[in-house]
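Everything below belongs to start.txt, which stores compact mmCIF, C-alpha atoms (C1' of nucleotides).
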```
# COMPACT_ATOMS: atom_id res chain seq x y z
CA MET V 1 21.33 67.82 127.39
CA GLY V 2 21.87 65.27 124.70
CA LEU V 3 22.79 62.68 127.24
CA ARG V 4 19.75 63.54 129.27
CA LEU V 5 17.55 63.10 126.23
CA LYS V 6 19.18 59.81 125.36
CA ASN V 7 18.54 58.50 128.85
CA LEU V 8 14.94 59.61 128.93
CA ARG V 9 14.32 58.21 125.48
CA LYS V 10 15.72 54.84 126.49
CA GLN V 11 13.69 54.86 129.67
CA LYS V 12 10.65 55.13 127.46
CA ALA V 13 11.99 52.33 125.30
CA VAL V 14 11.81 54.40 122.16
CA SER V 15 14.39 54.17 119.40
CA GLN V 16 15.85 57.19 117.67
CA GLU V 17 13.94 56.17 114.58
CA GLN V 18 10.64 55.92 116.42
CA LEU V 19 11.19 59.27 118.06
CA ALA V 20 12.14 60.78 114.72
CA ASN V 21 8.93 59.50 113.20
CA LEU V 22 6.85 60.76 116.08
CA CYS V 23 8.41 64.20 115.84
CA ASP V 24 8.53 64.21 112.08
CA PHE V 25 12.28 64.80 112.22
CA GLU V 26 15.14 63.00 110.56
CA ILE V 27 16.85 60.24 112.47
CA SER V 28 20.17 61.93 111.89
CA GLN V 29 18.76 65.00 113.54
CA ILE V 30 17.87 63.11 116.69
CA SER V 31 21.31 61.59 116.64
CA ARG V 32 22.95 64.99 116.27
CA ILE V 33 20.96 66.40 119.13
CA GLU V 34 21.78 63.53 121.45
CA ARG V 35 25.44 63.72 120.64
CA GLY V 36 25.52 67.48 121.06
CA ILE V 37 26.71 68.08 117.53
CA ILE V 38 24.14 70.80 117.13
CA ASN V 39 22.49 73.32 119.32
CA THR V 40 18.93 72.59 118.55
CA SER V 41 16.08 75.00 118.97
CA ILE V 42 13.62 75.31 121.78
CA SER V 43 10.75 74.29 119.57
CA SER V 44 12.50 71.07 118.69
CA ILE V 45 12.96 70.39 122.36
CA PHE V 46 9.31 71.05 122.97
CA THR V 47 8.28 68.72 120.18
CA ILE V 48 10.53 65.99 121.46
CA ALA V 49 9.32 66.40 125.02
CA GLU V 50 5.73 66.30 123.88
CA LYS V 51 6.16 63.16 121.81
CA LEU V 52 8.16 61.51 124.54
CA GLU V 53 5.39 62.43 126.91
CA ILE V 54 7.60 64.23 129.34
CA SER V 55 7.78 67.77 130.58
CA PRO V 56 10.29 69.99 128.77
CA LYS V 57 11.66 70.81 132.18
CA GLU V 58 12.75 67.23 132.65
CA LEU V 59 15.16 67.56 129.80
CA PHE V 60 17.00 70.22 131.75
CA ASP V 61 17.04 68.24 134.92
CA PHE V 62 20.69 67.43 135.19
CA GLU V 63 23.83 68.66 136.87
CA GLU V 64 25.66 71.49 135.18
CA ILE V 65 28.94 69.64 135.22
CA GLN V 66 28.18 66.83 132.84
CA GLU V 67 28.63 66.83 129.09
CA MET F 1 8.75 81.09 126.53
CA GLY F 2 9.49 84.61 125.47
CA LEU F 3 6.89 85.96 127.82
CA ARG F 4 8.28 83.84 130.61
CA LEU F 5 11.74 85.23 129.97
CA LYS F 6 10.46 88.77 129.88
CA ASN F 7 8.74 88.33 133.21
CA LEU F 8 11.74 86.75 134.88
CA ARG F 9 14.04 89.42 133.47
CA LYS F 10 11.83 92.18 134.83
CA GLN F 11 11.59 90.47 138.17
CA LYS F 12 15.34 90.72 138.30
CA ALA F 13 15.11 94.36 137.25
CA VAL F 14 17.39 93.85 134.30
CA SER F 15 16.89 95.66 131.00
CA GLN F 16 17.19 93.94 127.65
CA GLU F 17 20.34 95.92 127.08
CA GLN F 18 21.87 94.84 130.36
CA LEU F 19 20.99 91.24 129.70
CA ALA F 20 22.39 91.49 126.20
CA ASN F 21 25.67 92.82 127.58
CA LEU F 22 25.85 90.13 130.21
CA CYS F 23 25.25 87.41 127.64
CA ASP F 24 27.33 89.06 124.97
CA PHE F 25 24.35 89.04 122.65
CA GLU F 26 22.74 91.77 120.63
CA ILE F 27 19.86 93.66 122.15
CA SER F 28 17.79 92.93 119.10
CA GLN F 29 18.40 89.26 119.70
CA ILE F 30 17.02 89.43 123.21
CA SER F 31 14.06 91.33 121.86
CA ARG F 32 13.46 88.72 119.17
CA ILE F 33 13.62 85.92 121.68
CA GLU F 34 11.18 87.56 124.06
CA ARG F 35 8.74 88.30 121.29
CA GLY F 36 9.01 84.80 119.91
CA ILE F 37 10.17 85.97 116.52
CA ILE F 38 12.87 83.36 116.53
CA ASN F 39 13.32 79.92 117.89
CA THR F 40 16.52 80.37 119.73
CA SER F 41 18.92 77.63 120.63
CA ILE F 42 19.31 75.75 123.86
CA SER F 43 22.74 77.18 124.44
CA SER F 44 21.35 80.69 124.23
CA ILE F 45 18.75 79.76 126.79
CA PHE F 46 21.43 78.35 129.03
CA THR F 47 23.52 81.49 128.73
CA ILE F 48 20.56 83.70 129.50
CA ALA F 49 19.54 81.58 132.47
CA GLU F 50 23.06 81.63 133.81
CA LYS F 51 23.44 85.39 133.50
CA LEU F 52 19.99 85.96 134.94
CA GLU F 53 20.99 83.68 137.78
CA ILE F 54 18.07 81.37 137.38
CA SER F 55 17.73 77.71 136.58
CA PRO F 56 17.10 76.92 132.91
CA LYS F 57 14.14 74.91 134.11
CA GLU F 58 12.48 78.06 135.36
CA LEU F 59 12.24 79.36 131.85
CA PHE F 60 10.04 76.44 130.99
CA ASP F 61 7.89 76.80 134.03
CA PHE F 62 4.69 77.98 132.49
CA GLU F 63 1.38 76.65 131.35
CA GLU F 64 1.19 75.29 127.86
CA ILE F 65 -1.75 77.50 127.05
CA GLN F 66 -0.15 80.93 127.23
CA GLU F 67 1.54 82.85 124.43
C1' DT S 1 29.76 34.36 114.46
C1' DT S 2 26.09 35.96 111.71
C1' DT S 3 21.92 38.60 111.17
C1' DG S 4 19.15 42.45 111.91
C1' DA S 5 18.24 46.56 114.31
C1' DA S 6 19.89 50.86 116.06
C1' DA S 7 22.99 54.56 115.96
C1' DT S 8 26.65 57.42 113.89
C1' DG S 9 28.79 60.05 110.06
C1' DG S 10 29.05 63.02 106.15
C1' DG S 11 27.76 65.83 102.00
C1' DC S 12 24.92 69.37 100.15
C1' DA S 13 21.16 72.78 99.39
C1' DA S 14 17.46 75.21 101.74
C1' DA S 15 15.89 77.38 105.74
C1' DT S 16 16.67 79.78 109.96
C1' DT S 17 19.30 82.26 113.31
C1' DT S 18 22.77 85.55 114.56
C1' DG S 19 25.52 89.67 114.63
C1' DC S 20 25.99 94.27 113.25
C1' DC S 21 23.91 98.58 112.32
C1' DT S 22 20.53 102.16 112.17
C1' DA S 23 15.91 103.90 112.71
C1' DT S 24 11.43 104.18 114.89
C1' DA S 25 8.25 103.45 118.57
C1' DT S 26 6.95 102.86 123.26
C1' DT S 27 7.49 103.59 128.12
C1' DT S 28 9.22 105.98 132.08
C1' DT S 29 11.00 109.88 134.38
C1' DT S 30 11.59 114.68 135.19
C1' DA R 1 4.99 118.01 127.57
C1' DA R 2 9.79 117.12 126.87
C1' DA R 3 13.69 114.28 127.62
C1' DA R 4 15.74 109.99 128.51
C1' DA R 5 15.67 105.23 128.72
C1' DT R 6 13.85 100.86 126.92
C1' DA R 7 12.03 98.13 123.52
C1' DT R 8 10.74 96.97 118.73
C1' DA R 9 11.76 96.71 113.72
C1' DG R 10 14.18 95.76 109.51
C1' DG R 11 18.03 94.89 106.15
C1' DC R 12 21.87 92.11 104.99
C1' DA R 13 25.82 88.85 105.14
C1' DA R 14 27.82 85.13 107.83
C1' DA R 15 27.08 81.25 110.56
C1' DT R 16 24.37 77.41 111.98
C1' DT R 17 20.69 74.15 111.70
C1' DT R 18 17.70 71.20 109.10
C1' DG R 19 16.06 67.89 105.80
C1' DC R 20 17.15 64.48 102.58
C1' DC R 21 20.26 61.29 101.03
C1' DC R 22 23.23 57.09 101.61
C1' DA R 23 27.21 54.62 103.75
C1' DT R 24 29.35 52.77 107.76
C1' DT R 25 29.70 51.38 112.49
C1' DT R 26 28.01 49.65 116.83
C1' DC R 27 24.98 46.88 119.43
C1' DA R 28 21.78 43.14 120.62
C1' DA R 29 19.73 38.91 119.67
C1' DA R 30 19.65 34.54 117.46
```
Translate the structure of the given file into structure tokens.
Amino acid sequence: MGLRLKNLRKQKAVSQEQLANLCDFEISQISRIERGIINTSISSIFTIAEKLEISPKELFDFEEIQE
Amino acid sequence: MGLRLKNLRKQKAVSQEQLANLCDFEISQISRIERGIINTSISSIFTIAEKLEISPKELFDFEEIQE
DNA sequence: TTTGAAATGGGCAAATTTGCCTATATTTTT
DNA sequence: AAAAATATAGGCAAATTTGCCCATTTCAAA
């Protein structure tokens, strides 16, 4: 999931800091989510998806195997 | 999300208790998730989706408006 | 290589979730 | 209506996440 987010974020050319500001999260939080350090909540995912202007579903669009 | 889960679970004719056992969660936890009392984690969602034999994406397949 | 931006890492308190348990309410079946 | 099954509710401690710091590392551009 984290990897998926990282890829989508980069596709949108948004930095972790920018995304953090948009979501009103901490940068470290975005970093933790992308690296899979934490198991973030659904609402965080929804916020991120919204601010990244993607569908939440897209964040789960990856093969089970990875990460 | 909770509503979506509840619907999918019922479609599969699985009770909260059965789902809880499958996932190795507490029944009350399933109940809380379905009612939106808590903001559960992604990994919980993945576990539930797996045990319910659905794609995680399906759980997010609903209109923004509802619930 | 140096500079600046972007990302990672860690510590700590506050907030939230989770498990465990028991009780009550609601729904379904007989 | 009564009984049985399902779902909701709440309390409490343990576990996890989150925000708020600041320091360090990695990466990209000059």
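Relative to CA of Ala20 in chain V, CA of Glu58 in chain F is found at 26.9 Å.
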Exercise for the section: Write out as a count of residues only which residues come within 12 Å of DA23 in chain R when counting only C-alpha atoms (C1' of nucleotides), dropping same-chain ones fewer than 3 positions away. Expected result: 4
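Residues of chain F having any atom within 9 Å of chain V, counting only C-alpha atoms, are Met1, Asn39, Thr40, Ser41, Ile42, Ser43, Ser44, Ile45, Ser55, Pro56, Lys57, Glu58, Leu59, Phe60 and Asp61 of chain F.
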Exercise for the section: Find the spatial neighbours of Gln16 in chain F, counting only C-alpha atoms (C1' of nucleotides), within a cut-off of 9 Å - ignore same-chain residues fewer than 5 positions away - and output them as an MDAnalysis selection string. Expected result: (chainID F and resid 6 9 21 27:28 30:31) or (chainID R and resid 6:7)
Handout entry: Separation of CA of Glu26 in chain F from C1' of DG19 in chain S in Å
Key = 6.9 Å
Practice task
Go through V:Leu3, V:Val14, V:Ile54, V:Ile48 and flag the residue nearest chain S, using only C-alpha atoms (C1' of nucleotides) for the distances.
Solution key: V:Val14
Write out, as a Markdown table, each residue of chain R that has an atom at most 9 Å from chain V, together with the closest pair of atoms and their distance in Å to one decimal, counting only C-alpha atoms (C1' of nucleotides), rows going by chain and rising number.
```
| residue | atom | partner | partner_atom | distance |
| --- | --- | --- | --- | --- |
| R:DT16 | C1' | V:Ile38 | CA | 8.4 |
| R:DT17 | C1' | V:Thr40 | CA | 7.2 |
| R:DT18 | C1' | V:Gln29 | CA | 7.7 |
| R:DG19 | C1' | V:Glu26 | CA | 6.9 |
| R:DC20 | C1' | V:Glu26 | CA | 8.4 |
```
Closest contacts (chain S/chain F, max 10 Å, all atoms listed in the file) as CSV:
```
residue,atom,partner,partner_atom,distance
S:DT16,C1',F:Ile38,CA,8.4
S:DT17,C1',F:Thr40,CA,7.2
S:DT18,C1',F:Gln29,CA,7.7
S:DG19,C1',F:Glu26,CA,6.9
S:DC20,C1',F:Glu26,CA,8.4
```
Residues as selected, C-alpha atoms (C1' of nucleotides), written as a compact mmCIF listing (two decimals), in the frame of the given file, can you do that?
```txt
# COMPACT_ATOMS: atom_id res chain seq x y z
C1' DT S 16 16.67 79.78 109.96
C1' DT S 17 19.30 82.26 113.31
C1' DT S 18 22.77 85.55 114.56
C1' DG S 19 25.52 89.67 114.63
C1' DC S 20 25.99 94.27 113.25
```
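Pairwise distance (CA of Arg35 in chain F, C1' of DT8 in chain R) equals 9.3 Å.
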Handout entry: Expected answer as a ChimeraX atom specification: all residues with atoms within 10 Å of (17.5, 103.0, 135.6), all atoms listed in the file
Key = /F:13-15 /S:28-29 /R:5-6
Serialized selection, C-alpha atoms (C1' of nucleotides), as a short mmCIF file (atom, residue, chain, number, x, y, z; two decimals), in the coordinates of the input:
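Saved as out_34.cif:
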```
data_model
loop_
_atom_site.label_atom_id
_atom_site.label_comp_id
_atom_site.auth_asym_id
_atom_site.auth_seq_id
_atom_site.Cartn_x
_atom_site.Cartn_y
_atom_site.Cartn_z
CA ALA F 13 15.11 94.36 137.25
CA VAL F 14 17.39 93.85 134.30
CA SER F 15 16.89 95.66 131.00
"C1'" DT S 28 9.22 105.98 132.08
"C1'" DT S 29 11.00 109.88 134.38
"C1'" DA R 5 15.67 105.23 128.72
"C1'" DT R 6 13.85 100.86 126.92
#
```
